[in-house]
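Colleague: Contents of query.csv (CSV, C-alpha atoms and all ligand atoms):
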```
chain,number,residue,atom,x,y,z
V,532,MET,CA,20.9,13.2,8.7
V,533,ARG,CA,18.7,10.2,7.7
V,534,THR,CA,14.9,10.7,7.9
V,535,PRO,CA,13.3,7.8,9.8
V,536,LEU,CA,11.1,5.7,7.5
V,537,VAL,CA,8.3,3.2,8.5
V,538,ALA,CA,6.8,1.0,5.8
V,539,ALA,CA,3.7,-1.1,6.1
V,540,ASN,CA,3.7,-4.5,4.3
V,541,TRP,CA,0.1,-5.6,4.2
V,542,LYS,CA,1.2,-8.9,2.4
V,543,MET,CA,-1.9,-10.7,0.9
V,544,ASN,CA,-4.3,-9.2,3.4
V,545,GLY,CA,-7.1,-6.6,3.1
V,546,SER,CA,-10.1,-5.7,1.0
V,547,ARG,CA,-11.6,-2.4,-0.3
V,548,GLU,CA,-13.5,-2.1,2.9
V,549,PHE,CA,-10.4,-2.8,5.0
V,550,ALA,CA,-8.5,-0.1,3.2
V,551,GLU,CA,-11.2,2.5,3.6
V,552,GLN,CA,-11.3,1.8,7.4
V,553,PHE,CA,-7.6,1.7,7.7
V,554,PHE,CA,-7.2,5.2,6.2
V,555,ALA,CA,-10.0,6.6,8.3
V,556,ALA,CA,-8.2,5.5,11.4
V,557,LEU,CA,-4.6,6.2,10.3
V,558,ASP,CA,-3.2,9.2,12.3
V,559,LEU,CA,0.1,10.6,10.9
V,560,GLU,CA,-0.7,14.2,12.0
V,561,GLY,CA,2.4,16.2,12.8
V,562,LEU,CA,4.9,13.4,12.1
V,563,SER,CA,8.2,14.1,10.3
V,564,CYS,CA,9.1,10.5,9.6
V,565,ALA,CA,8.5,9.1,6.1
V,566,VAL,CA,5.7,6.5,5.8
V,567,VAL,CA,5.2,4.0,3.0
V,568,ILE,CA,2.1,1.8,2.6
V,569,CYS,CA,2.6,-1.3,0.5
V,570,PRO,CA,-0.9,-2.9,-0.3
V,571,PRO,CA,-1.6,-5.8,-2.6
V,572,TYR,CA,-1.5,-4.7,-6.3
V,573,PRO,CA,-5.3,-4.3,-6.8
V,574,TYR,CA,-5.6,-1.8,-4.0
V,575,LEU,CA,-2.8,0.5,-5.3
V,576,PRO,CA,-5.3,2.9,-7.0
V,577,LEU,CA,-7.3,3.2,-3.8
V,578,VAL,CA,-4.2,3.9,-1.8
V,579,ALA,CA,-3.0,6.3,-4.5
V,580,GLU,CA,-6.1,8.4,-3.9
V,581,LYS,CA,-5.2,8.8,-0.3
V,582,ALA,CA,-1.5,9.2,-0.7
V,583,GLY,CA,-1.4,12.9,-0.3
V,584,GLU,CA,-2.1,12.3,3.4
V,585,GLY,CA,1.5,12.1,4.7
V,586,PHE,CA,2.6,8.8,3.1
V,587,SER,CA,4.0,7.3,-0.1
V,588,ILE,CA,2.9,4.1,-1.9
V,589,GLY,CA,5.1,1.1,-2.2
V,590,ALA,CA,4.6,-2.2,-4.1
V,591,GLN,CA,5.4,-5.6,-2.4
V,592,ASN,CA,7.1,-7.0,-5.5
V,593,LEU,CA,7.8,-6.2,-9.2
V,594,SER,CA,9.0,-8.0,-12.3
V,595,ASP,CA,12.7,-7.9,-13.3
V,596,GLU,CA,11.5,-7.5,-16.9
V,597,THR,CA,10.3,-4.2,-18.5
V,598,SER,CA,7.4,-5.6,-20.7
V,599,GLY,CA,6.3,-8.5,-22.8
V,600,ALA,CA,5.0,-12.1,-22.5
V,601,PHE,CA,5.3,-12.5,-18.7
V,602,THR,CA,1.8,-13.6,-17.5
V,603,GLY,CA,0.9,-12.4,-14.1
V,604,GLU,CA,3.9,-10.0,-13.7
V,605,VAL,CA,3.8,-6.3,-13.1
V,606,SER,CA,6.6,-3.9,-14.3
V,607,ALA,CA,8.3,-1.0,-12.6
V,608,ALA,CA,6.8,1.4,-15.2
V,609,MET,CA,3.3,0.2,-14.5
V,610,LEU,CA,3.8,0.8,-10.8
V,611,LEU,CA,5.1,4.3,-11.5
V,612,ASP,CA,2.0,4.9,-13.5
V,613,TRP,CA,0.0,4.5,-10.3
V,614,GLY,CA,2.2,6.8,-8.3
V,615,VAL,CA,4.2,4.1,-6.6
V,616,ARG,CA,7.6,5.3,-5.3
V,617,TYR,CA,9.0,2.3,-3.5
V,618,ALA,CA,9.1,-1.5,-4.2
V,619,ILE,CA,10.0,-4.2,-1.8
V,620,VAL,CA,12.4,-6.7,-3.3
V,621,GLY,CA,13.7,-9.9,-1.9
V,622,HIS,CA,11.2,-10.3,1.0
V,623,SER,CA,12.0,-13.6,2.7
V,624,GLU,CA,8.5,-15.0,1.8
V,625,ARG,CA,9.4,-14.4,-1.9
V,626,ARG,CA,12.8,-16.0,-1.5
V,627,SER,CA,11.5,-19.1,0.4
V,628,LEU,CA,8.0,-19.6,-0.9
V,629,TYR,CA,8.5,-18.6,-4.5
V,630,GLY,CA,12.2,-19.6,-4.9
V,631,GLU,CA,13.5,-16.2,-5.7
V,632,SER,CA,17.3,-16.3,-5.8
V,633,SER,CA,19.6,-13.5,-4.7
V,634,GLU,CA,20.4,-13.1,-8.5
V,635,LEU,CA,16.7,-12.6,-9.4
V,636,VAL,CA,16.3,-10.3,-6.4
V,637,ALA,CA,19.3,-8.3,-7.7
V,638,ARG,CA,17.7,-8.0,-11.1
V,639,LYS,CA,14.4,-6.7,-9.6
V,640,PHE,CA,16.4,-4.2,-7.5
V,641,HIS,CA,18.0,-2.8,-10.6
V,642,ALA,CA,14.8,-2.9,-12.6
V,643,ALA,CA,13.1,-0.8,-9.9
V,644,GLN,CA,16.0,1.7,-9.7
V,645,ALA,CA,16.3,2.0,-13.5
V,646,ALA,CA,12.6,3.0,-13.7
V,647,GLY,CA,13.0,5.5,-10.9
V,648,LEU,CA,11.5,3.5,-8.0
V,649,VAL,CA,13.3,3.2,-4.7
V,650,PRO,CA,13.9,-0.5,-4.0
V,651,ILE,CA,13.5,-1.7,-0.4
V,652,LEU,CA,15.9,-4.6,-0.4
V,653,CYS,CA,15.1,-7.2,2.3
V,654,VAL,CA,18.0,-9.2,3.7
V,655,GLY,CA,18.1,-11.6,6.6
V,656,GLU,CA,19.2,-15.0,8.0
V,657,SER,CA,17.2,-18.1,8.9
V,658,LEU,CA,17.2,-19.5,12.4
V,659,GLN,CA,19.6,-22.2,11.4
V,660,GLU,CA,22.0,-19.7,9.8
V,661,ARG,CA,22.0,-17.7,13.0
V,662,GLU,CA,22.6,-20.7,15.2
V,663,GLU,CA,25.5,-21.7,12.9
V,664,GLU,CA,26.8,-18.1,13.4
V,665,ARG,CA,26.6,-17.4,9.7
V,666,THR,CA,24.3,-14.3,10.0
V,667,LEU,CA,26.9,-11.8,8.7
V,668,GLU,CA,28.1,-14.1,6.0
V,669,VAL,CA,24.5,-14.5,4.7
V,670,ILE,CA,23.8,-10.8,4.8
V,671,ALA,CA,27.0,-10.0,3.0
V,672,SER,CA,26.3,-12.4,0.2
V,673,GLN,CA,22.7,-11.0,-0.2
V,674,LEU,CA,24.2,-7.5,-0.6
V,675,GLN,CA,27.0,-8.7,-2.8
V,676,ALA,CA,24.5,-10.2,-5.3
V,677,VAL,CA,23.1,-6.7,-5.9
V,678,THR,CA,26.5,-5.0,-6.4
V,679,GLU,CA,27.7,-7.8,-8.6
V,680,ALA,CA,24.6,-7.5,-10.8
V,681,ALA,CA,25.3,-3.8,-11.2
V,682,GLY,CA,28.7,-4.3,-12.6
V,683,GLU,CA,31.9,-2.4,-11.7
V,684,SER,CA,30.8,1.0,-13.2
V,685,ALA,CA,28.0,1.6,-10.8
V,686,GLY,CA,30.4,1.9,-7.8
V,687,GLY,CA,28.8,3.3,-4.7
V,688,ASP,CA,25.8,4.6,-6.7
V,689,VAL,CA,24.0,1.3,-6.3
V,690,TRP,CA,23.0,2.1,-2.8
V,691,SER,CA,22.4,5.9,-3.0
V,692,ARG,CA,18.8,5.5,-4.1
V,693,ALA,CA,17.8,2.4,-2.0
V,694,VAL,CA,16.5,1.4,1.3
V,695,ILE,CA,17.6,-1.8,3.1
V,696,ALA,CA,15.4,-3.8,5.5
V,697,TYR,CA,17.1,-6.2,7.8
V,698,GLU,CA,14.6,-8.9,8.6
V,699,PRO,CA,15.8,-12.0,10.4
V,700,VAL,CA,13.6,-14.7,9.0
V,701,TRP,CA,13.1,-16.2,12.5
V,702,ALA,CA,11.5,-13.0,13.7
V,703,ILE,CA,9.0,-12.5,10.8
V,704,GLY,CA,5.4,-13.2,11.9
V,705,THR,CA,6.6,-15.2,14.9
V,706,GLY,CA,6.2,-12.7,17.7
V,707,LYS,CA,10.0,-13.1,18.4
V,708,THR,CA,11.8,-9.8,17.8
V,709,ALA,CA,15.6,-9.5,17.6
V,710,THR,CA,16.8,-7.6,20.6
V,711,PRO,CA,17.7,-4.0,19.8
V,712,GLU,CA,21.3,-5.0,20.4
V,713,GLN,CA,21.2,-8.0,18.0
V,714,ALA,CA,19.5,-5.8,15.4
V,715,GLN,CA,22.0,-3.0,15.9
V,716,GLU,CA,25.0,-5.3,15.4
V,717,VAL,CA,23.7,-6.4,12.0
V,718,HIS,CA,22.6,-2.9,11.0
V,719,ARG,CA,26.0,-1.5,11.7
V,720,PHE,CA,27.6,-4.3,9.6
V,721,ILE,CA,25.2,-3.6,6.7
V,722,ARG,CA,26.1,0.1,6.8
V,723,GLU,CA,29.8,-0.6,6.7
V,724,ARG,CA,29.3,-2.9,3.7
V,725,LEU,CA,27.6,-0.2,1.8
V,726,GLY,CA,30.8,1.8,1.6
V,727,ASN,CA,30.7,5.6,1.1
V,728,ALA,CA,26.9,5.6,0.4
V,729,GLY,CA,26.2,3.9,3.7
V,730,ALA,CA,26.0,6.9,5.9
V,731,ALA,CA,22.9,8.2,4.0
V,732,VAL,CA,21.1,4.9,3.4
V,733,GLN,CA,18.0,4.2,5.5
V,734,ILE,CA,18.3,0.8,7.1
V,735,LEU,CA,15.0,-0.6,8.5
V,736,TYR,CA,14.4,-3.4,10.9
V,737,GLY,CA,11.6,-5.9,10.3
V,738,GLY,CA,10.3,-8.8,12.2
V,739,SER,CA,7.4,-8.6,14.7
V,740,VAL,CA,7.7,-4.8,15.2
V,741,LYS,CA,4.9,-3.5,17.4
V,742,ALA,CA,4.1,-0.3,19.2
V,743,GLY,CA,5.5,-1.9,22.3
V,744,ASN,CA,9.0,-2.6,21.0
V,745,ALA,CA,9.5,0.1,18.3
V,746,GLU,CA,10.9,2.7,20.5
V,747,ALA,CA,13.8,0.6,21.9
V,748,LEU,CA,14.6,-0.5,18.3
V,749,PHE,CA,14.6,3.0,16.9
V,750,ALA,CA,16.8,4.2,19.7
V,751,GLN,CA,19.7,2.2,18.2
V,752,ALA,CA,22.2,4.3,16.2
V,753,ASP,CA,21.9,2.4,12.9
V,754,ILE,CA,18.1,1.5,13.0
V,755,ASP,CA,16.3,4.1,10.9
V,756,GLY,CA,12.8,2.8,11.0
V,757,ALA,CA,10.9,-0.4,10.4
V,758,LEU,CA,9.2,-2.7,7.8
V,759,VAL,CA,6.1,-3.7,9.5
V,760,GLY,CA,3.9,-6.8,8.6
V,761,GLY,CA,1.2,-8.0,11.0
V,762,ALA,CA,1.1,-4.8,13.1
V,763,SER,CA,0.6,-2.7,9.9
V,764,LEU,CA,-2.9,-4.1,9.5
V,765,ASP,CA,-4.1,-2.3,12.6
V,766,ALA,CA,-4.1,1.5,11.8
V,767,GLU,CA,-3.9,2.6,15.4
V,768,GLU,CA,-1.0,0.3,16.2
V,769,PHE,CA,0.8,1.3,13.0
V,770,SER,CA,0.2,5.0,13.7
V,771,LYS,CA,1.9,4.4,17.1
V,772,ILE,CA,4.9,2.8,15.5
V,773,CYS,CA,5.2,5.7,13.1
V,774,ARG,CA,5.0,8.1,16.1
V,775,ALA,CA,7.8,6.2,17.8
V,776,ALA,CA,10.0,6.9,14.7
V,777,GLY,CA,9.4,10.7,15.0
V,801,LIG,P1,5.9,-9.1,10.8
V,801,LIG,O1,6.4,-9.1,9.2
V,801,LIG,O2,6.0,-7.6,11.2
V,801,LIG,O3,4.5,-9.6,10.7
V,801,LIG,O4,6.9,-9.9,11.5
V,801,LIG,C1,7.5,-8.3,8.8
V,801,LIG,C2,7.7,-8.5,7.3
V,801,LIG,O5,7.5,-9.6,6.8
V,801,LIG,O6,8.1,-7.5,6.6
```
Just give me the structure of the file as C-alpha cells.
Ligand code: PGA

Modeller:
Amino acid sequence: MRTPLVAANWKMNGSREFAEQFFAALDLEGLSCAVVICPPYPYLPLVAEKAGEGFSIGAQNLSDETSGAFTGEVSAAMLLDWGVRYAIVGHSERRSLYGESSELVARKFHAAQAAGLVPILCVGESLQEREEERTLEVIASQLQAVTEAAGESAGGDVWSRAVIAYEPVWAIGTGKTATPEQAQEVHRFIRERLGNAGAAVQILYGGSVKAGNAEALFAQADIDGALVGGASLDAEEFSKICRAAG
C-alpha cells in the first residue's frame, strides 16, 4: 500500500541557527512514514548533512529550464547534486504571487521528473472558486495541464513518480482547515482522475495542518499525509504530525 508521507515547507523562513536547533529537536525515532524537509535553497547543504536521519530533502521550487542564461534560477540537476529528491511545483504562493501559470507549473513538473526528482504537485481552489462550486473543475484543469504537457505517449506514466498535494488556497496559513470530509472528497476525485496510476500515488493534504488536526485528516481513506507550512517551523509540533502519520 501507499507509505504515508509528511513534507515540511519552511517557505522563506529560517536561518543557519534555526536549522541547527530544528534538527536537534526533530524526533522521528521509530517512524515508518516518509518525511521530506523543504528548506530555502541556501540551507540545502546544511539539511543534506542531516538527511541520513530519517528524512529526505525537497526543494520548494525549480526552474523549468536545464541550464543557461536564467538569472536567479536553479535547475533540477543542481538540486540533485545536493542530494535533493523531491521538488514542490505549483505551490499556490508561486501561482498567485509570482504569476506561475498551470502551463509553467507543468513544465517544472516534467523538468523535475526528467532529471529524476519526484515532483510534489500542488493543486487547490481559491475561496471564491469553492463558493462558486468550481472546486473540482479547477483541480481537474490543474491536473490536465500536466498530462497535456506530457503529450499522448506518456500515458499513465506521468503520475507514477509524483506526489500530489491538495491545498485549498483558503486554508493555507489562515488557521482554517478543510474538514476531513471536505478534503477526502477532493482527494478521492484526484485519485480517480489519475487513472491506473492513481492507486499508488501519495496524495497529501495541505492547509493549516497541525498536531491537533492531523490524525483526523490522516484517518481518511485517500489522505496519505500532509504538506505542512507554519507548523513545520516547530520541530516538536512537526514531529507530532509525522507521528500521527505512522
Ligand atoms: P500552512 O501552509 O500549513 O501554513 O497552512 C501549507 C502550505 O503552504 O504548504

Colleague: Which distance in Å separates CA of Ala590 in chain V and CA of Gln659 in chain V, to one decimal?

Modeller: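 Distance reported for this atom pair: 29.4 Å.
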
Colleague: Between V:Tyr574, V:Trp690, V:Phe749, V:Trp613, which residue has the minimum interatomic distance to Glu551 in chain V, considering only C-alpha atoms?

Modeller: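 Smallest distance to Glu551 in chain V is found for V:Tyr574.
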
Colleague: Between V:Glu716, V:Asp765, V:Glu746, V:Glu624, single out the one closest to ligand LIG 801 (chain V), counting all atoms listed in the file.

Modeller: V:Glu624

Colleague: Would you pick out the contacts of range 533-546 of chain V at 9 Å or less, using only C-alpha atoms, so that residues sharing its chain but fewer than 6 positions from it are not included, and give the list as a PDB file with C-alpha atoms, in the frame of the given file?

Modeller:
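Output below, filename result10.pdb:
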```
ATOM      1  CA  SER V 563       8.200  14.100  10.300  1.00  0.00           C
ATOM      2  CA  CYS V 564       9.100  10.500   9.600  1.00  0.00           C
ATOM      3  CA  ALA V 565       8.500   9.100   6.100  1.00  0.00           C
ATOM      4  CA  VAL V 566       5.700   6.500   5.800  1.00  0.00           C
ATOM      5  CA  VAL V 567       5.200   4.000   3.000  1.00  0.00           C
ATOM      6  CA  ILE V 568       2.100   1.800   2.600  1.00  0.00           C
ATOM      7  CA  CYS V 569       2.600  -1.300   0.500  1.00  0.00           C
ATOM      8  CA  PRO V 570      -0.900  -2.900  -0.300  1.00  0.00           C
ATOM      9  CA  PRO V 571      -1.600  -5.800  -2.600  1.00  0.00           C
ATOM     10  CA  TYR V 574      -5.600  -1.800  -4.000  1.00  0.00           C
ATOM     11  CA  GLY V 589       5.100   1.100  -2.200  1.00  0.00           C
ATOM     12  CA  ALA V 590       4.600  -2.200  -4.100  1.00  0.00           C
ATOM     13  CA  GLN V 591       5.400  -5.600  -2.400  1.00  0.00           C
ATOM     14  CA  ILE V 619      10.000  -4.200  -1.800  1.00  0.00           C
ATOM     15  CA  ALA V 730      26.000   6.900   5.900  1.00  0.00           C
ATOM     16  CA  ALA V 731      22.900   8.200   4.000  1.00  0.00           C
ATOM     17  CA  VAL V 732      21.100   4.900   3.400  1.00  0.00           C
ATOM     18  CA  GLN V 733      18.000   4.200   5.500  1.00  0.00           C
ATOM     19  CA  ILE V 734      18.300   0.800   7.100  1.00  0.00           C
ATOM     20  CA  LEU V 735      15.000  -0.600   8.500  1.00  0.00           C
ATOM     21  CA  PHE V 749      14.600   3.000  16.900  1.00  0.00           C
ATOM     22  CA  ILE V 754      18.100   1.500  13.000  1.00  0.00           C
ATOM     23  CA  ASP V 755      16.300   4.100  10.900  1.00  0.00           C
ATOM     24  CA  GLY V 756      12.800   2.800  11.000  1.00  0.00           C
ATOM     25  CA  ALA V 757      10.900  -0.400  10.400  1.00  0.00           C
ATOM     26  CA  LEU V 758       9.200  -2.700   7.800  1.00  0.00           C
ATOM     27  CA  VAL V 759       6.100  -3.700   9.500  1.00  0.00           C
ATOM     28  CA  GLY V 760       3.900  -6.800   8.600  1.00  0.00           C
ATOM     29  CA  GLY V 761       1.200  -8.000  11.000  1.00  0.00           C
ATOM     30  CA  ALA V 762       1.100  -4.800  13.100  1.00  0.00           C
ATOM     31  CA  SER V 763       0.600  -2.700   9.900  1.00  0.00           C
ATOM     32  CA  LEU V 764      -2.900  -4.100   9.500  1.00  0.00           C
ATOM     33  CA  PHE V 769       0.800   1.300  13.000  1.00  0.00           C
ATOM     34  CA  ILE V 772       4.900   2.800  15.500  1.00  0.00           C
ATOM     35  CA  CYS V 773       5.200   5.700  13.100  1.00  0.00           C
ATOM     36  CA  ALA V 776      10.000   6.900  14.700  1.00  0.00           C
ATOM     37  CA  GLY V 777       9.400  10.700  15.000  1.00  0.00           C
TER      38      GLY V 777
END
```

Colleague: Nearest to Val615 in chain V: which of V:Ile670, V:Leu575, V:Met532, V:Ala752 is it, counting all atoms listed in the file?

Modeller: V:Leu575

Colleague: How many Å separate CA of Ser739 in chain V from atom O3 of ligand LIG 801 (chain V)?

Modeller: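 Distance between the two atoms: 5.0 Å.
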
Colleague: To one decimal place in Å, what is the distance between CA of Val605 in chain V and CA of Ala681 in chain V?

Modeller: 21.7 Å

Colleague: Looking at V:Gly647, V:Gly614, V:Gly726, V:Gly655, which one is nearest to Ser633 in chain V, with distances taken over all atoms listed in the file?

Modeller: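 Closest to Ser633 in chain V of all the choices is V:Gly655.
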
Colleague: Using only C-alpha atoms and all ligand atoms, which residue out of V:Ala775, V:Pro711, V:Ser770, V:Pro699 lies closest to ligand LIG 801 (chain V)?

Modeller: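 Closest to ligand LIG 801 (chain V) of all the choices is V:Pro699.
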
Colleague: Please work out which residues fall within 8 Å of (7.0, 7.4, -4.8), coordinates as given in the file, with only C-alpha atoms counting, and return them as a list in words.

Modeller: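 Neighbouring residues, ordered by chain and number, come to Ser587, Ile588, Gly589, Leu611, Gly614, Val615, Arg616, Tyr617, Leu648 and Val649 of chain V.
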
Colleague: Take the residues that were just selected and, keeping C-alpha atoms, output them as a short mmCIF file (atom, residue, chain, number, x, y, z; two decimals), in the frame of the given file.

Modeller:
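Result file follows (part_3.cif):
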```cif
data_model
loop_
_atom_site.label_atom_id
_atom_site.label_comp_id
_atom_site.auth_asym_id
_atom_site.auth_seq_id
_atom_site.Cartn_x
_atom_site.Cartn_y
_atom_site.Cartn_z
CA SER V 587 4.00 7.30 -0.10
CA ILE V 588 2.90 4.10 -1.90
CA GLY V 589 5.10 1.10 -2.20
CA LEU V 611 5.10 4.30 -11.50
CA GLY V 614 2.20 6.80 -8.30
CA VAL V 615 4.20 4.10 -6.60
CA ARG V 616 7.60 5.30 -5.30
CA TYR V 617 9.00 2.30 -3.50
CA LEU V 648 11.50 3.50 -8.00
CA VAL V 649 13.30 3.20 -4.70
#
```

Colleague: Taking into account all atoms listed in the file, which residue in the set V:Cys653, V:Ala676, V:Gly682, V:Ser623 is nearest to Gly704 in chain V?

Modeller: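 Once distances to Gly704 in chain V are computed over all atoms listed in the file, the minimum belongs to V:Ser623.
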
Colleague: Could you please give me, as a PDB file with C-alpha atoms, keeping the file's coordinate frame, the residues of protein, DNA or RNA lying at most 12 Å from (23.7, -9.2, -9.3) in the coordinate frame of the file, considering only C-alpha atoms?

Modeller:
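What ended up in point.pdb:
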```pdb
ATOM      1  CA  ASP V 595      12.700  -7.900 -13.300  1.00  0.00           C
ATOM      2  CA  SER V 632      17.300 -16.300  -5.800  1.00  0.00           C
ATOM      3  CA  SER V 633      19.600 -13.500  -4.700  1.00  0.00           C
ATOM      4  CA  GLU V 634      20.400 -13.100  -8.500  1.00  0.00           C
ATOM      5  CA  LEU V 635      16.700 -12.600  -9.400  1.00  0.00           C
ATOM      6  CA  VAL V 636      16.300 -10.300  -6.400  1.00  0.00           C
ATOM      7  CA  ALA V 637      19.300  -8.300  -7.700  1.00  0.00           C
ATOM      8  CA  ARG V 638      17.700  -8.000 -11.100  1.00  0.00           C
ATOM      9  CA  LYS V 639      14.400  -6.700  -9.600  1.00  0.00           C
ATOM     10  CA  PHE V 640      16.400  -4.200  -7.500  1.00  0.00           C
ATOM     11  CA  HIS V 641      18.000  -2.800 -10.600  1.00  0.00           C
ATOM     12  CA  ALA V 642      14.800  -2.900 -12.600  1.00  0.00           C
ATOM     13  CA  SER V 672      26.300 -12.400   0.200  1.00  0.00           C
ATOM     14  CA  GLN V 673      22.700 -11.000  -0.200  1.00  0.00           C
ATOM     15  CA  LEU V 674      24.200  -7.500  -0.600  1.00  0.00           C
ATOM     16  CA  GLN V 675      27.000  -8.700  -2.800  1.00  0.00           C
ATOM     17  CA  ALA V 676      24.500 -10.200  -5.300  1.00  0.00           C
ATOM     18  CA  VAL V 677      23.100  -6.700  -5.900  1.00  0.00           C
ATOM     19  CA  THR V 678      26.500  -5.000  -6.400  1.00  0.00           C
ATOM     20  CA  GLU V 679      27.700  -7.800  -8.600  1.00  0.00           C
ATOM     21  CA  ALA V 680      24.600  -7.500 -10.800  1.00  0.00           C
ATOM     22  CA  ALA V 681      25.300  -3.800 -11.200  1.00  0.00           C
ATOM     23  CA  GLY V 682      28.700  -4.300 -12.600  1.00  0.00           C
ATOM     24  CA  GLU V 683      31.900  -2.400 -11.700  1.00  0.00           C
ATOM     25  CA  ALA V 685      28.000   1.600 -10.800  1.00  0.00           C
ATOM     26  CA  VAL V 689      24.000   1.300  -6.300  1.00  0.00           C
TER      27      VAL V 689
END
```

Colleague: Skip Ala702 in chain V itself and residues of its chain fewer than 4 positions away, then list as a PyMOL selection string all residues within 9 Å of it, counting only C-alpha atoms.

Modeller: chain V and resi 658+698+706-709+737-739
